[in-house]
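This report refers to the structure that appears directly beneath it.
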Amino acid sequence: MDKPARRLFIFFAALFVALVLQLTWVQVISAPSLKIEPTNTRAIQEEMQVERGKIVSADGVVLADNREVDGYFYREYPLGSLTSPWLGYNSIEKGRDGIERVYNEELSGQAGRLAVTDYWDQLTGQTHQGADLQLTIDMGVQDAAVKAFGNRQGAVVALDPNTGAVLSMVSTPNYDPNDLEETWAELSVDEDAPFLNRVNSGLYPPGSVFKVVVAAAALELGKVTPETVFYDTGEYTAGGYVVSNYDDKVYNEHDFKRAFRSSINTTFANVGVQLGGEALAGYAAAFGFGQSPPWPLGGAESSFPDPDDMDVAHVAQAAFGQGEVLVTPLEMALVTAAVANGGQMMKPYVVDMVTDPGGAVMEQAEPALWARPISETTATTLTELMVEVVQRGTGTAAALPGVQVAGKTGTAEVADAESHAWFVGFAPAWNPRVVVAVLVENGGSGGSVAAPIARKVMSAALKR
Amino acid sequence: MNPRNRELVLLIPALFLTTLGFALVYFQQRSHEPDSLVYGIIFVVLFAIAHIGRRFLAPDADPHILPLAALLSTLGIVFIFRLDDQLAFKQAMWLVAGVAAFILVLVFVRDMKMLYKLRLPIGILGVLILLFTAFLGNEINGARLWVTIGPLGFQPGEFAKILLVIFFAAYLVDIREVLTVSTRRILRLPVPPFKYLAPLLIVWGLSMALMVFMKDLGTSLLFFGALLALLYAATGRAFYVLVGLSLFAIGAGLLYLGFEHVQTRVDIWVNPWNDPQDKGYQIVQSLFALAAGGLFGRGLGEGYLTFPSGNARIPYVETDFIFSAIGEELGLVGAVGIILLYLILAYRGFRVATSASDDFRRLLATGLTSIFALQAFLIMGGVTKLIPLTGITLPFVSYGGSSIVANFVLVALLLRISDRSGTAGGLVAPPADNGGRKKWPVHAEVDREVDRKQRSASAKAGE
């Protein structure tokens, strides 16, 4: 080539070399970060070509299914908002939440041996199938719980205290996962937090249901027996802080059994102060306070204040579940399950079985012990106390015909608003098959609002 | 092997690739009718006609250029078919029109003298076409490139491009002496009389006007780049290139300050992530596509070029952004392959220029090659965010009738030039026709170099 042509060619060659370098930069070096840009929806589209596993309840109801259009699978939730708080969603635009998020590897066929078949399916161009999930949730119990809870705001959780298998979870308000794309804008700014699963992520003052923990500590440490006598004047003063009873009642002379049954705040403040902040915090921790729920779905840590920062007034307040004590409904259910199960707290779980597309079991849940906060003796004594609550105390609305029910009510005071209504309980009292925790936000009295809901949930669970 | 048979052999890979490509897309997208093989047949017949036409009309022409064009248009139609089979049918029809134009140019442009003599009408026609587009064109995708007559849309700029390169080449042949042997000097640099520079300044003004009125940064860059390449080839002086680049930089700077659409283009280039859902959407999606391809690509038909709804992820993926689609499905390896095809074509084009028998042919081949390579670079650089994006087609690959037909005309002109130069098969063949040389100014240095190379090559061949 002559000189100008050669130089022009070298010039264009240099341009093309620059192009190759830029392409290498984009396609190889910065590709990993480009692939995970939030606006890059290719990965989701790729996953939409996988026939995502079905999710089925313990009693065989299909909770999550697929609709196929031109080789792409769209998620469908036949029961809509009935299951959304814990099932979550799998959306092209909005990502994932709940069980759909936590068990995505299994559902999308990336876990275990399905990763190998995924590679094979890619090679052969076949539709890849994910693993199916069978849950511990029983739709009979779930239906009853949702119906009993009505349009109130709050949460219900029911579980089997012997295994930790969760039978039902209600959290309201919630959403319909089938039309998330249309309702997202409204839902995401809703102050009532419809995406929050209140069962494991809602934190509330426990009120008197926390007396289960205080009574457990007092009994275990030998500070009281059910027969220990107290005298109530209607007021108890600790460090200048005056404790009074619900409805300003005065109980005069009574034993500890009565104090538990009638939920006498003055006596529990007294017992709490005798135990001290250190002991209360220790037992709260033994029951799992300060830890995330021990299951894959995670959740908020229930909290008891640092005893070093507590004066005697704080201790008195904490002893009947006020002040800075915060719990999730799931934590209260687990505390109750410890009582029901002879002092042994089982880890909760919601996925019973993972099966491959051929139906072979890939994973089977094994009940596992989480903690052993109290002795069997203490558990038995506490059960006696809790039976009295339902027989002739604050929780009579939870009583079931022909079945002995154990429980504890709570009416947690909230600043400038109606109290939260609580009930925790289990049945049958001496052979427990179900534990339930009910929380109604700003619902009023636990005994009149939460206990009847618990009764219906336990009734449904016992018919299982 | 004579150049004709060599070309025939070189066409085989293109045929193989077409059939393989369509077969792959067919097996991947099982919903398609088995019409993919029909395209293979159309393709074979088409390039057989082109090859036979060239055998008779330009027997000694460069044997590499037509197979390269065939390969590129093969890749293009396979990807268009993969994106939209109805569009692929239209593209096939445009390829028919392109090959027809190729044959017609070889039939009617037998003699370069004719083009040289018609330089003024050709130049005026080119400018008129541009003005016509500027005033009557429709704005599509942010640039006024299209003229619609009845059901058909044209991009006249694609043709004006060739006409103006012919004109520039002829005009520079006329004034080359004046540009190189200038007596007037300012700051020790030679400055030719204004009347010779005027047409060049007019071209500069025209480029700037194109940017303003047609919002067509791509075409204006093309014209200006081709003009600079020609100036350099004609004079051998980097001085003109520097002056030209400065003029362009000044003009571009003023346009950037004065016009919002130019600013927008540059801002998107600098940071598309400021607005990835709207203004930066196309380029961001293009980068996503390339990233998805990685080193070896997802495989033909395996990329996510469309949403589940069937809509394209990147708007104009079949025209401006076809290179991104290739990058996703064939990977870096495939994309670099395409770049190499353009580089080889550019190399052959400059070889044609070097061995041309006279200055007009030399400059015309240089101009056509430059504008072709520059266009490929501008759009590939644009979609990879190497340079700001300009909406032009990837020659032979993008969907679009005007582009296909114009590029076949361009290739036909290159073949015609190489045929008359008489060194089609490489360095060995002796110059076929020296008669034409005397009629126009001759670049003596070039001739000496060519003769020397040919002598040494002949000597080797004789051993």
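So you can find residues: chains in the structure tokens are A, B, ... in the order shown, residues in each start at 1, and ligands are numbered from 1 in order.
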So which residues touch segment 376-393 of chain B within 9 Å, counting only C-alpha atoms, skipping near sequence neighbours fewer than 4 positions away, as a PDB file with C-alpha atoms, in the first residue's frame?
```pdb
ATOM      1  CA  PHE A  12      -9.003   2.526  11.040  1.00  0.00           C
ATOM      2  CA  LEU A  15     -10.206   2.496  15.834  1.00  0.00           C
ATOM      3  CA  PHE A  16     -11.240  -1.145  15.526  1.00  0.00           C
ATOM      4  CA  ALA A  18     -10.179   0.422  20.488  1.00  0.00           C
ATOM      5  CA  LEU A  19     -13.570  -1.110  19.723  1.00  0.00           C
ATOM      6  CA  GLN A  22     -14.158  -1.533  24.732  1.00  0.00           C
ATOM      7  CA  LEU A  23     -16.089  -4.700  23.883  1.00  0.00           C
ATOM      8  CA  VAL A  26     -18.190  -4.412  28.502  1.00  0.00           C
TER       9      VAL A  26
ATOM     10  CA  ASN B 141     -35.804   7.869  16.467  1.00  0.00           C
ATOM     11  CA  GLY B 142     -34.635  11.439  17.018  1.00  0.00           C
ATOM     12  CA  ALA B 143     -33.103  12.027  13.594  1.00  0.00           C
ATOM     13  CA  ASP B 216     -28.118  13.537  12.254  1.00  0.00           C
ATOM     14  CA  LEU B 217     -24.771  13.450  13.976  1.00  0.00           C
ATOM     15  CA  GLY B 218     -23.882  10.161  12.353  1.00  0.00           C
ATOM     16  CA  THR B 219     -24.193  11.190   8.717  1.00  0.00           C
ATOM     17  CA  LEU B 221     -19.574  12.767  10.997  1.00  0.00           C
ATOM     18  CA  LEU B 222     -19.409  10.360   8.066  1.00  0.00           C
ATOM     19  CA  ARG B 265     -26.612  12.768  23.089  1.00  0.00           C
ATOM     20  CA  VAL B 266     -23.309  13.603  24.729  1.00  0.00           C
ATOM     21  CA  ASP B 267     -24.729  13.579  28.254  1.00  0.00           C
ATOM     22  CA  ILE B 268     -26.239  10.133  27.694  1.00  0.00           C
ATOM     23  CA  TRP B 269     -22.863   8.956  26.490  1.00  0.00           C
ATOM     24  CA  VAL B 270     -21.035  10.395  29.497  1.00  0.00           C
ATOM     25  CA  GLN B 282     -31.236   2.213  24.744  1.00  0.00           C
ATOM     26  CA  ILE B 283     -27.543   2.360  25.523  1.00  0.00           C
ATOM     27  CA  SER B 286     -27.338  -2.424  24.762  1.00  0.00           C
ATOM     28  CA  LEU B 287     -24.647  -2.781  27.444  1.00  0.00           C
ATOM     29  CA  LEU B 290     -23.399  -7.306  25.494  1.00  0.00           C
ATOM     30  CA  THR B 319     -31.230  -1.563  12.699  1.00  0.00           C
ATOM     31  CA  ASP B 320     -28.989   0.572  14.897  1.00  0.00           C
ATOM     32  CA  PHE B 321     -28.488  -2.004  17.652  1.00  0.00           C
ATOM     33  CA  ILE B 322     -28.040  -5.218  15.698  1.00  0.00           C
ATOM     34  CA  PHE B 323     -24.417  -5.335  16.822  1.00  0.00           C
ATOM     35  CA  SER B 324     -25.592  -5.565  20.457  1.00  0.00           C
ATOM     36  CA  ILE B 339     -15.112  -6.285  13.534  1.00  0.00           C
ATOM     37  CA  TYR B 342     -14.961  -4.935   8.478  1.00  0.00           C
ATOM     38  CA  ILE B 371     -16.784   6.107   4.627  1.00  0.00           C
ATOM     39  CA  PHE B 372     -17.674   2.414   4.820  1.00  0.00           C
ATOM     40  CA  VAL B 397     -25.884  -6.249   8.665  1.00  0.00           C
ATOM     41  CA  SER B 398     -28.600  -3.842   9.837  1.00  0.00           C
ATOM     42  CA  TYR B 399     -32.120  -4.122   8.533  1.00  0.00           C
ATOM     43  CA  GLY B 400     -32.875  -1.426   5.966  1.00  0.00           C
ATOM     44  CA  SER B 403     -28.512   0.894   3.513  1.00  0.00           C
TER      45      SER B 403
END
```
Compute the set of chain A residues within 6 Å of chain B, using only C-alpha atoms, and express it as a ChimeraX atom specification. /A:1-2,4-5,26-28,31
Please, which residues of segment 183-414 of chain B, numbered as in this document, come out strand (DSSP E) from DSSP, as a ChimeraX atom specification? /B:185-186,189-190
Would you write out those residues with C-alpha atoms, as an mmCIF file, in the first residue's frame?
```cif
data_model
loop_
_atom_site.group_PDB
_atom_site.id
_atom_site.type_symbol
_atom_site.label_atom_id
_atom_site.label_comp_id
_atom_site.auth_asym_id
_atom_site.auth_seq_id
_atom_site.Cartn_x
_atom_site.Cartn_y
_atom_site.Cartn_z
ATOM 1 C CA ARG B 185 2.284 30.587 3.667
ATOM 2 C CA ILE B 186 0.834 31.728 6.976
ATOM 3 C CA LEU B 189 2.134 26.599 6.768
ATOM 4 C CA PRO B 190 0.987 26.464 3.169
#
```
Residues near Leu131 of chain B, cut-off 10 Å, only C-alpha atoms, skip fewer than 2 positions along chain, as a ChimeraX atom specification: /B:125-129,133-137,157,206,209-210,213-214
Selection to disk with N, CA and C atoms, as an mmCIF file, in the first residue's frame:
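What ended up in again.cif:
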```
data_model
loop_
_atom_site.group_PDB
_atom_site.id
_atom_site.type_symbol
_atom_site.label_atom_id
_atom_site.label_comp_id
_atom_site.auth_asym_id
_atom_site.auth_seq_id
_atom_site.Cartn_x
_atom_site.Cartn_y
_atom_site.Cartn_z
ATOM 1 N N LEU B 125 -26.471 16.738 -7.144
ATOM 2 C CA LEU B 125 -27.530 15.782 -6.817
ATOM 3 C C LEU B 125 -27.414 15.341 -5.356
ATOM 4 N N GLY B 126 -26.191 15.080 -4.926
ATOM 5 C CA GLY B 126 -25.966 14.653 -3.533
ATOM 6 C C GLY B 126 -26.445 15.704 -2.560
ATOM 7 N N VAL B 127 -26.074 16.964 -2.824
ATOM 8 C CA VAL B 127 -26.478 18.044 -1.924
ATOM 9 C C VAL B 127 -27.994 18.206 -1.936
ATOM 10 N N LEU B 128 -28.576 18.118 -3.151
ATOM 11 C CA LEU B 128 -30.035 18.266 -3.262
ATOM 12 C C LEU B 128 -30.757 17.192 -2.456
ATOM 13 N N ILE B 129 -30.246 15.981 -2.563
ATOM 14 C CA ILE B 129 -30.881 14.885 -1.814
ATOM 15 C C ILE B 129 -30.858 15.199 -0.325
ATOM 16 N N THR B 133 -34.060 15.872 2.053
ATOM 17 C CA THR B 133 -34.315 15.110 3.284
ATOM 18 C C THR B 133 -34.490 16.042 4.478
ATOM 19 N N ALA B 134 -33.636 17.080 4.504
ATOM 20 C CA ALA B 134 -33.670 17.989 5.642
ATOM 21 C C ALA B 134 -35.017 18.696 5.737
ATOM 22 N N PHE B 135 -35.590 19.018 4.561
ATOM 23 C CA PHE B 135 -36.836 19.788 4.608
ATOM 24 C C PHE B 135 -38.086 18.913 4.583
ATOM 25 N N LEU B 136 -38.001 17.764 3.918
ATOM 26 C CA LEU B 136 -39.214 16.952 3.760
ATOM 27 C C LEU B 136 -39.179 15.653 4.550
ATOM 28 N N GLY B 137 -38.051 15.419 5.230
ATOM 29 C CA GLY B 137 -37.916 14.134 5.921
ATOM 30 C C GLY B 137 -38.777 14.035 7.164
ATOM 31 N N GLY B 157 -29.860 9.721 2.723
ATOM 32 C CA GLY B 157 -28.494 9.999 3.151
ATOM 33 C C GLY B 157 -27.530 8.905 2.744
ATOM 34 N N LEU B 206 -21.993 22.195 5.508
ATOM 35 C CA LEU B 206 -23.077 21.253 5.251
ATOM 36 C C LEU B 206 -23.158 20.221 6.378
ATOM 37 N N ALA B 209 -24.729 21.817 9.288
ATOM 38 C CA ALA B 209 -26.162 22.011 9.042
ATOM 39 C C ALA B 209 -26.910 20.698 9.212
ATOM 40 N N LEU B 210 -26.265 19.603 8.772
ATOM 41 C CA LEU B 210 -26.882 18.280 8.917
ATOM 42 C C LEU B 210 -27.176 17.994 10.382
ATOM 43 N N PHE B 213 -30.162 20.569 11.454
ATOM 44 C CA PHE B 213 -31.504 20.442 10.889
ATOM 45 C C PHE B 213 -31.994 19.006 10.854
ATOM 46 N N MET B 214 -31.087 18.079 10.647
ATOM 47 C CA MET B 214 -31.531 16.683 10.576
ATOM 48 C C MET B 214 -31.277 15.957 11.882
#
```
Rounded to one decimal place, report the atom CA of Leu106 of chain B-atom CA of Ala13 of chain A distance in Å. 29.1 Å
Enumerate, in order of chain and increasing residue number, the residues of segment 183-222 of chain A with an atom no farther than 10 Å from segment 175-179 of chain A, each with its shortest atom pair and distance in Å to one decimal, counting only C-alpha atoms, as JSON lines.
```
{"residue": "A:Thr183", "atom": "CA", "partner": "A:Asp179", "partner_atom": "CA", "distance": 6.5}
{"residue": "A:Trp184", "atom": "CA", "partner": "A:Asp179", "partner_atom": "CA", "distance": 8.4}
{"residue": "A:Leu187", "atom": "CA", "partner": "A:Tyr175", "partner_atom": "CA", "distance": 7.8}
{"residue": "A:Pro194", "atom": "CA", "partner": "A:Tyr175", "partner_atom": "CA", "distance": 6.3}
{"residue": "A:Phe195", "atom": "CA", "partner": "A:Tyr175", "partner_atom": "CA", "distance": 7.3}
```
Include N, CA and C atoms and write out the residues we just selected as a compact mmCIF listing (two decimals), in the first residue's frame.
```txt
# COMPACT_ATOMS: atom_id res chain seq x y z
N THR A 183 -50.79 -2.77 42.21
CA THR A 183 -51.07 -2.18 43.52
C THR A 183 -49.80 -1.77 44.26
N TRP A 184 -48.65 -2.07 43.67
CA TRP A 184 -47.38 -1.85 44.36
C TRP A 184 -47.20 -0.42 44.87
N LEU A 187 -49.33 0.15 47.89
CA LEU A 187 -48.96 -0.70 49.03
C LEU A 187 -47.64 -0.27 49.66
N PRO A 194 -48.39 -3.27 54.85
CA PRO A 194 -49.01 -4.54 54.44
C PRO A 194 -48.00 -5.63 54.05
N PHE A 195 -46.74 -5.24 53.76
CA PHE A 195 -45.75 -6.25 53.38
C PHE A 195 -45.07 -6.89 54.59
```
For a test of reading the model, state the distance in Å between atom CA of Ala145 of chain A and atom CA of Lys456 of chain A, rounded to one decimal. 7.1 Å
